[in-house]
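Have a look at target.pdb; it's PDB, C-alpha atoms:
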```pdb
ATOM      1  CA  GLY G  11       0.000   0.000   0.000
ATOM      2  CA  LEU G  12       1.237   3.428   1.009
ATOM      3  CA  VAL G  13       4.438   2.119   2.624
ATOM      4  CA  GLY G  14       5.322   0.110  -0.452
ATOM      5  CA  SER G  15       4.696   3.116  -2.665
ATOM      6  CA  GLU G  16       6.939   5.288  -0.494
ATOM      7  CA  MET G  17       9.701   2.691  -0.595
ATOM      8  CA  CYS G  18       9.443   2.501  -4.392
ATOM      9  CA  ILE G  19       9.698   6.278  -4.679
ATOM     10  CA  ARG G  20      12.642   6.363  -2.262
ATOM     11  CA  ASP G  21      14.417   3.593  -4.165
ATOM     12  CA  ARG G  22      13.892   5.364  -7.479
ATOM     13  CA  TYR G  23      15.184   8.629  -5.975
ATOM     14  CA  GLN G  24      18.291   6.902  -4.608
ATOM     15  CA  ARG G  25      19.027   5.324  -7.981
ATOM     16  CA  ARG G  26      18.823   8.683  -9.701
ATOM     17  CA  VAL G  27      21.072  10.265  -7.090
ATOM     18  CA  ARG G  28      23.638   7.544  -7.766
ATOM     19  CA  VAL G  29      23.346   8.195 -11.489
ATOM     20  CA  ALA G  30      23.935  11.913 -10.840
ATOM     21  CA  HIS G  31      27.004  11.018  -8.775
ATOM     22  CA  PHE G  32      28.179   8.901 -11.678
ATOM     23  CA  LEU G  33      27.973  11.939 -13.970
ATOM     24  CA  PHE G  34      30.056  14.013 -11.571
ATOM     25  CA  PHE G  35      32.502  11.129 -11.410
ATOM     26  CA  LEU G  36      32.899  11.286 -15.191
ATOM     27  CA  LEU G  37      33.352  15.043 -15.106
ATOM     28  CA  SER G  38      36.007  14.766 -12.421
ATOM     29  CA  LEU G  39      38.010  12.431 -14.655
ATOM     30  CA  ASN G  40      37.955  14.959 -17.491
ATOM     31  CA  LEU G  41      38.311  18.300 -15.690
ATOM     32  CA  GLU G  42      40.622  17.379 -12.823
ATOM     33  CA  GLY G  43      42.477  14.394 -14.216
ATOM     34  CA  SER G  44      41.960  12.398 -10.985
ATOM     35  CA  VAL G  45      39.290  10.196  -9.428
ATOM     36  CA  THR G  46      37.390  12.209  -6.812
ATOM     37  CA  PHE G  47      34.393   9.919  -6.372
ATOM     38  CA  LYS G  48      34.413   6.400  -4.959
ATOM     39  CA  MET G  49      34.156   3.382  -7.226
ATOM     40  CA  ASP G  50      31.037   2.213  -5.379
ATOM     41  CA  THR G  51      29.109   4.888  -7.315
ATOM     42  CA  ILE G  52      29.786   3.002 -10.539
ATOM     43  CA  ASN G  53      29.048  -0.308  -8.853
ATOM     44  CA  ALA G  54      25.715   0.988  -7.544
ATOM     45  CA  VAL G  55      24.596   2.037 -11.047
ATOM     46  CA  TYR G  56      25.750  -1.335 -12.411
ATOM     47  CA  GLU G  57      23.795  -3.195  -9.712
ATOM     48  CA  ASP G  58      20.660  -1.200 -10.589
ATOM     49  CA  LEU G  59      20.960  -2.365 -14.175
ATOM     50  CA  LYS G  60      21.548  -5.992 -13.087
ATOM     51  CA  ARG G  61      18.443  -6.046 -10.871
ATOM     52  CA  MET G  62      16.162  -4.944 -13.681
ATOM     53  CA  LYS G  63      14.203  -7.688 -15.419
ATOM     54  CA  LYS G  64      15.111  -8.262 -19.025
ATOM     55  CA  ARG G  65      11.675  -7.231 -20.256
ATOM     56  CA  GLN G  66      11.705  -4.055 -18.179
ATOM     57  CA  PHE G  67      15.215  -3.220 -19.351
ATOM     58  CA  LEU G  68      14.181  -3.599 -22.995
ATOM     59  CA  LEU G  69      11.125  -1.424 -22.331
ATOM     60  CA  GLN G  70      13.319   1.342 -20.912
ATOM     61  CA  ILE G  71      15.633   1.099 -23.931
ATOM     62  CA  PHE G  72      12.560   1.436 -26.146
ATOM     63  CA  ASN G  73      11.439   4.507 -24.171
ATOM     64  CA  PHE G  74      14.832   6.099 -24.611
ATOM     65  CA  GLY G  75      14.709   5.390 -28.347
ATOM     66  CA  THR G  76      11.240   6.951 -28.466
ATOM     67  CA  VAL G  77      12.547  10.159 -26.889
ATOM     68  CA  VAL G  78      15.383  10.383 -29.408
ATOM     69  CA  SER G  79      13.075   9.596 -32.330
ATOM     70  CA  THR G  80      10.568  12.238 -31.201
ATOM     71  CA  ALA G  81      13.313  14.854 -31.090
ATOM     72  CA  LEU G  82      14.396  13.926 -34.631
ATOM     73  CA  ILE G  83      10.807  14.057 -35.895
ATOM     74  CA  ILE G  84      10.327  17.515 -34.374
ATOM     75  CA  TRP G  85      13.553  18.714 -36.026
ATOM     76  CA  LYS G  86      12.566  17.318 -39.434
ATOM     77  CA  THR G  87       9.121  18.895 -39.094
ATOM     78  CA  LEU G  88      10.693  22.280 -38.376
ATOM     79  CA  MET G  89      12.877  21.867 -41.478
ATOM     80  CA  ILE G  90       9.806  21.235 -43.637
ATOM     81  CA  VAL G  91       7.743  24.054 -42.126
ATOM     82  CA  THR G  92      10.510  26.680 -42.299
ATOM     83  CA  GLY G  93      12.138  25.468 -45.525
ATOM     84  CA  SER G  94      15.557  25.764 -43.888
ATOM     85  CA  GLU G  95      18.092  22.983 -43.393
ATOM     86  CA  SER G  96      18.897  24.536 -39.992
ATOM     87  CA  PRO G  97      15.697  26.104 -38.618
ATOM     88  CA  ILE G  98      17.351  26.931 -35.279
ATOM     89  CA  VAL G  99      20.898  28.256 -34.816
ATOM     90  CA  VAL G 100      22.912  29.737 -31.962
ATOM     91  CA  VAL G 101      24.844  33.023 -32.198
ATOM     92  CA  LEU G 102      28.454  32.115 -31.405
ATOM     93  CA  SER G 103      30.161  35.518 -31.512
ATOM     94  CA  GLY G 104      29.550  39.161 -30.709
ATOM     95  CA  SER G 105      29.756  40.400 -34.290
ATOM     96  CA  MET G 106      26.005  41.167 -34.415
ATOM     97  CA  GLU G 107      25.748  43.130 -31.160
ATOM     98  CA  PRO G 108      23.594  44.898 -30.144
ATOM     99  CA  ALA G 109      20.982  43.189 -32.352
ATOM    100  CA  PHE G 110      21.985  39.715 -31.122
ATOM    101  CA  TYR G 111      24.367  38.599 -28.412
ATOM    102  CA  ARG G 112      26.486  35.496 -27.990
ATOM    103  CA  GLY G 113      24.222  32.650 -26.919
ATOM    104  CA  ASP G 114      21.017  33.968 -28.470
ATOM    105  CA  LEU G 115      18.876  31.339 -30.186
ATOM    106  CA  LEU G 116      17.690  32.330 -33.686
ATOM    107  CA  PHE G 117      14.688  30.963 -35.571
ATOM    108  CA  LEU G 118      15.182  30.854 -39.330
ATOM    109  CA  THR G 119      12.966  30.616 -42.390
ATOM    110  CA  GLN G 120      13.901  29.980 -45.996
ATOM    111  CA  ASN G 121      11.429  31.024 -48.675
ATOM    112  CA  GLN G 122      11.368  32.616 -52.101
ATOM    113  CA  GLU G 123      10.931  36.176 -50.871
ATOM    114  CA  PRO G 124      13.688  38.432 -52.227
ATOM    115  CA  ILE G 125      16.556  39.187 -49.861
ATOM    116  CA  ARG G 126      16.806  42.899 -49.153
ATOM    117  CA  ALA G 127      19.350  45.201 -47.562
ATOM    118  CA  GLY G 128      18.872  45.128 -43.810
ATOM    119  CA  ASP G 129      17.792  41.489 -43.629
ATOM    120  CA  ILE G 130      19.687  39.318 -41.145
ATOM    121  CA  ILE G 131      20.698  36.066 -42.798
ATOM    122  CA  VAL G 132      22.625  32.945 -41.900
ATOM    123  CA  PHE G 133      25.007  31.758 -44.601
ATOM    124  CA  ARG G 134      27.635  29.086 -45.049
ATOM    125  CA  LEU G 135      30.910  29.707 -46.859
ATOM    126  CA  GLU G 136      33.039  27.164 -48.675
ATOM    127  CA  GLY G 137      35.799  25.944 -46.387
ATOM    128  CA  ARG G 138      34.004  27.085 -43.224
ATOM    129  CA  GLU G 139      32.105  24.513 -41.203
ATOM    130  CA  ILE G 140      30.276  26.966 -38.935
ATOM    131  CA  PRO G 141      27.601  29.227 -40.518
ATOM    132  CA  ILE G 142      27.754  32.998 -40.066
ATOM    133  CA  VAL G 143      24.945  35.298 -38.866
ATOM    134  CA  HIS G 144      25.289  38.782 -40.423
ATOM    135  CA  ARG G 145      23.198  41.546 -41.933
ATOM    136  CA  VAL G 146      22.802  42.216 -45.674
ATOM    137  CA  LEU G 147      24.610  45.467 -46.378
ATOM    138  CA  ARG G 148      24.015  45.815 -50.113
ATOM    139  CA  VAL G 149      22.074  44.003 -52.804
ATOM    140  CA  HIS G 150      23.359  43.873 -56.364
ATOM    141  CA  GLU G 151      21.400  42.703 -59.397
ATOM    142  CA  ARG G 152      23.311  41.412 -62.379
ATOM    143  CA  ASN G 153      21.839  40.441 -65.756
ATOM    144  CA  GLN G 154      22.766  36.814 -66.256
ATOM    145  CA  SER G 155      20.843  36.605 -69.527
ATOM    146  CA  ARG G 156      18.008  38.402 -71.247
ATOM    147  CA  SER G 157      15.428  36.461 -69.255
ATOM    148  CA  SER G 158      17.064  36.126 -65.846
ATOM    149  CA  ILE G 159      18.629  38.369 -63.264
ATOM    150  CA  GLU G 160      21.079  37.078 -60.677
ATOM    151  CA  VAL G 161      20.800  38.708 -57.267
ATOM    152  CA  GLU G 162      24.005  39.066 -55.262
ATOM    153  CA  PHE G 163      24.521  40.604 -51.862
ATOM    154  CA  LEU G 164      27.210  41.779 -49.492
ATOM    155  CA  THR G 165      27.039  41.190 -45.739
ATOM    156  CA  LYS G 166      28.497  42.766 -42.618
ATOM    157  CA  GLY G 167      28.300  42.231 -38.870
ATOM    158  CA  ASP G 168      26.637  45.124 -37.045
ATOM    159  CA  ASN G 169      29.537  45.213 -34.591
ATOM    160  CA  ASN G 170      32.242  44.985 -37.280
ATOM    161  CA  ASN G 171      34.020  47.928 -38.865
ATOM    162  CA  VAL G 172      34.235  46.459 -42.383
ATOM    163  CA  ASP G 173      32.151  44.215 -44.608
ATOM    164  CA  ASP G 174      32.596  40.434 -44.908
ATOM    165  CA  ARG G 175      34.622  40.252 -48.111
ATOM    166  CA  SER G 176      37.692  39.276 -46.110
ATOM    167  CA  LEU G 177      35.727  36.243 -44.887
ATOM    168  CA  TYR G 178      34.561  35.144 -48.336
ATOM    169  CA  PRO G 179      36.636  32.608 -50.297
ATOM    170  CA  GLU G 180      39.365  34.088 -52.481
ATOM    171  CA  GLY G 181      37.921  35.803 -55.548
ATOM    172  CA  LYS G 182      34.367  35.859 -54.165
ATOM    173  CA  LEU G 183      33.017  39.400 -53.825
ATOM    174  CA  TRP G 184      29.305  38.686 -53.363
ATOM    175  CA  LEU G 185      27.084  36.039 -51.794
ATOM    176  CA  HIS G 186      24.425  34.192 -53.770
ATOM    177  CA  ARG G 187      21.115  32.644 -52.813
ATOM    178  CA  LYS G 188      22.655  29.166 -52.671
ATOM    179  CA  ASP G 189      24.951  30.314 -49.846
ATOM    180  CA  VAL G 190      22.023  31.249 -47.591
ATOM    181  CA  ILE G 191      20.716  28.806 -44.976
ATOM    182  CA  GLY G 192      17.909  31.028 -43.758
ATOM    183  CA  ARG G 193      16.692  34.418 -42.676
ATOM    184  CA  ALA G 194      16.292  35.360 -38.994
ATOM    185  CA  LYS G 195      12.629  35.754 -38.018
ATOM    186  CA  GLY G 196      12.817  35.609 -34.225
ATOM    187  CA  PHE G 197      15.116  34.866 -31.301
ATOM    188  CA  LEU G 198      15.327  33.865 -27.645
ATOM    189  CA  PRO G 199      18.073  35.625 -25.679
ATOM    190  CA  TYR G 200      20.896  33.526 -24.180
ATOM    191  CA  VAL G 201      19.020  30.216 -24.470
ATOM    192  CA  GLY G 202      21.819  28.848 -26.668
ATOM    193  CA  MET G 203      24.531  29.302 -24.022
ATOM    194  CA  VAL G 204      24.160  25.601 -23.188
ATOM    195  CA  THR G 205      25.239  24.749 -26.742
ATOM    196  CA  ILE G 206      28.235  27.075 -26.504
ATOM    197  CA  VAL G 207      29.374  25.502 -23.236
ATOM    198  CA  MET G 208      29.088  22.027 -24.757
ATOM    199  CA  ASN G 209      31.105  23.135 -27.797
ATOM    200  CA  ASP G 210      33.781  24.597 -25.536
ATOM    201  CA  TYR G 211      33.830  21.431 -23.397
ATOM    202  CA  PRO G 212      32.853  18.509 -25.688
ATOM    203  CA  PHE G 213      33.086  16.029 -22.820
ATOM    204  CA  LEU G 214      30.056  17.667 -21.208
ATOM    205  CA  LYS G 215      27.964  16.799 -24.264
ATOM    206  CA  PHE G 216      28.743  13.079 -24.008
ATOM    207  CA  ALA G 217      28.367  13.119 -20.230
ATOM    208  CA  LEU G 218      24.924  14.717 -20.518
ATOM    209  CA  ILE G 219      23.799  12.153 -23.090
ATOM    210  CA  ALA G 220      25.105   9.379 -20.837
ATOM    211  CA  ILE G 221      23.310  10.665 -17.756
ATOM    212  CA  LEU G 222      20.007  11.153 -19.604
ATOM    213  CA  GLY G 223      20.266   7.646 -21.017
ATOM    214  CA  LEU G 224      20.982   6.163 -17.591
ATOM    215  CA  LEU G 225      18.109   8.087 -16.008
ATOM    216  CA  VAL G 226      15.666   6.761 -18.601
ATOM    217  CA  ILE G 227      16.985   3.191 -18.425
ATOM    218  CA  THR G 228      17.108   2.949 -14.615
ATOM    219  CA  GLY G 229      13.899   4.912 -13.976
ATOM    220  CA  ARG G 230      11.040   2.583 -13.127
ATOM    221  CA  ASP G 231       7.408   3.611 -12.862
TER     222      ASP G 231
END
```
Before we go any further, please render this structure as structure tokens.
Amino acid sequence: GLVGSEMCIRDRYQRRVRVAHFLFFLLSLNLEGSVTFKMDTINAVYEDLKRMKKRQFLLQIFNFGTVVSTALIIWKTLMIVTGSESPIVVVLSGSMEPAFYRGDLLFLTQNQEPIRAGDIIVFRLEGREIPIVHRVLRVHERNQSRSSIEVEFLTKGDNNNVDDRSLYPEGKLWLHRKDVIGRAKGFLPYVGMVTIVMNDYPFLKFALIAILGLLVITGRD
């Protein structure tokens, strides 16, 4: 009855505390280079996994897979709705201050509307893995043929003194539509700082994934 329910809740809480200790154990190995938590923390997590019935263990693995799959489905849906290959990006530098600050989360769209001077776009350059968030400084139209006009544009960070031509590949003076990932339509301030911290300390990313996985697998209803 009530006592059994309380014991179940207490047991589940203790397991999750041990899993949290296990995460800190992993972090101590990476950040300090020495073991600062006892080995019985690892043993406790291992014993939790051993005590689980095979069917229950498989069910928890399935639940974890469901969470991951749901996240992927949401991401793919956002890609379809916005038309952008990266519907959400994080500002990684201060080049767009004061419009956007490092850690701001941007929401992008990609449609057939013409790009105009003043628009804030995210673009990817050849040879650069990380996209850039800057404002369109000038738009240039060039007659490609009698029936078509090619639109080119020049970008600049609001907080930079010069335009982006020094960032473009050698011989490239203008950006083209194919270089654009999306156009900024909204943002959430500083929400992306978690991503920046994980990029600065990659071990945190894997530790977080590990702890979430363990919490799902060892968490019983």
Q: Would you please work out which residue, of G:Ile90, G:Leu68, G:Ile125, G:Val161, is nearest to Arg145 of chain G when using only C-alpha atoms?
A: G:Ile125
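Minimum atom-to-atom distances from G:Ile219, G:Leu147, G:Leu118, G:Leu177 to Gly196 of chain G were compared using only C-alpha atoms, and the lowest value belongs to G:Leu118.
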**Q.** Minimum-distance residue to Leu135 of chain G, chosen among G:Tyr200, G:Phe163, G:Tyr111, G:Tyr178 (using only C-alpha atoms)
**A.** G:Tyr178
Q. Could you pull the residues within 10 Å of segment 164-174 of chain G, counting only C-alpha atoms, minus those fewer than 2 positions along the same chain, as an MDAnalysis selection string?
A. chainID G and resid 104:110 127:131 133 142:150 162 176:178 183:186
(Q) Residues within 12 Å of Met89 of chain G, please, as a list in words. Count only C-alpha atoms; anything in the same chain fewer than 3 positions from it doesn't count. (A) Leu82, Ile83, Ile84, Trp85, Lys86, Thr92, Gly93, Ser94, Glu95, Ser96, Pro97, Ile98, Phe117, Leu118, Thr119, Gln120, Asn121, Ile191 and Gly192 of chain G
Could you write out the selected residues, including C-alpha atoms, as a short mmCIF file (atom, residue, chain, number, x, y, z; two decimals), in the frame of the given file?
```
data_model
loop_
_atom_site.label_atom_id
_atom_site.label_comp_id
_atom_site.auth_asym_id
_atom_site.auth_seq_id
_atom_site.Cartn_x
_atom_site.Cartn_y
_atom_site.Cartn_z
CA LEU G 82 14.40 13.93 -34.63
CA ILE G 83 10.81 14.06 -35.90
CA ILE G 84 10.33 17.52 -34.37
CA TRP G 85 13.55 18.71 -36.03
CA LYS G 86 12.57 17.32 -39.43
CA THR G 92 10.51 26.68 -42.30
CA GLY G 93 12.14 25.47 -45.52
CA SER G 94 15.56 25.76 -43.89
CA GLU G 95 18.09 22.98 -43.39
CA SER G 96 18.90 24.54 -39.99
CA PRO G 97 15.70 26.10 -38.62
CA ILE G 98 17.35 26.93 -35.28
CA PHE G 117 14.69 30.96 -35.57
CA LEU G 118 15.18 30.85 -39.33
CA THR G 119 12.97 30.62 -42.39
CA GLN G 120 13.90 29.98 -46.00
CA ASN G 121 11.43 31.02 -48.68
CA ILE G 191 20.72 28.81 -44.98
CA GLY G 192 17.91 31.03 -43.76
#
```
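Of note, atom CA of Ala217 of chain G and atom CA of Thr87 of chain G are spaced 27.6 Å apart.
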Q: For Met203 of chain G, list every protein, DNA or RNA residue within 10 Å, evaluated using all atoms listed in the file, and leave out those in the same chain fewer than 2 positions away; present the list as number ranges by chain.
A: G: 100-102, 112-115, 199-201, 205-209
Q: Find the distance between atom CA of Val99 of chain G and atom CA of Arg126 of chain G and write it in Å to one decimal.
A: 20.9 Å
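A straight line drawn from atom CA of Val132 of chain G to atom CA of Pro212 of chain G is 24.0 Å long.
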All file atoms of segment 124-139 of chain G boxed axis-aligned, 3 Å per side, centre plus edges, as AutoDock Vina command-line options:
```
--center_x 24.7 --center_y 34.9 --center_z -46.7 --size_x 28.1 --size_y 26.7 --size_z 17.1
```
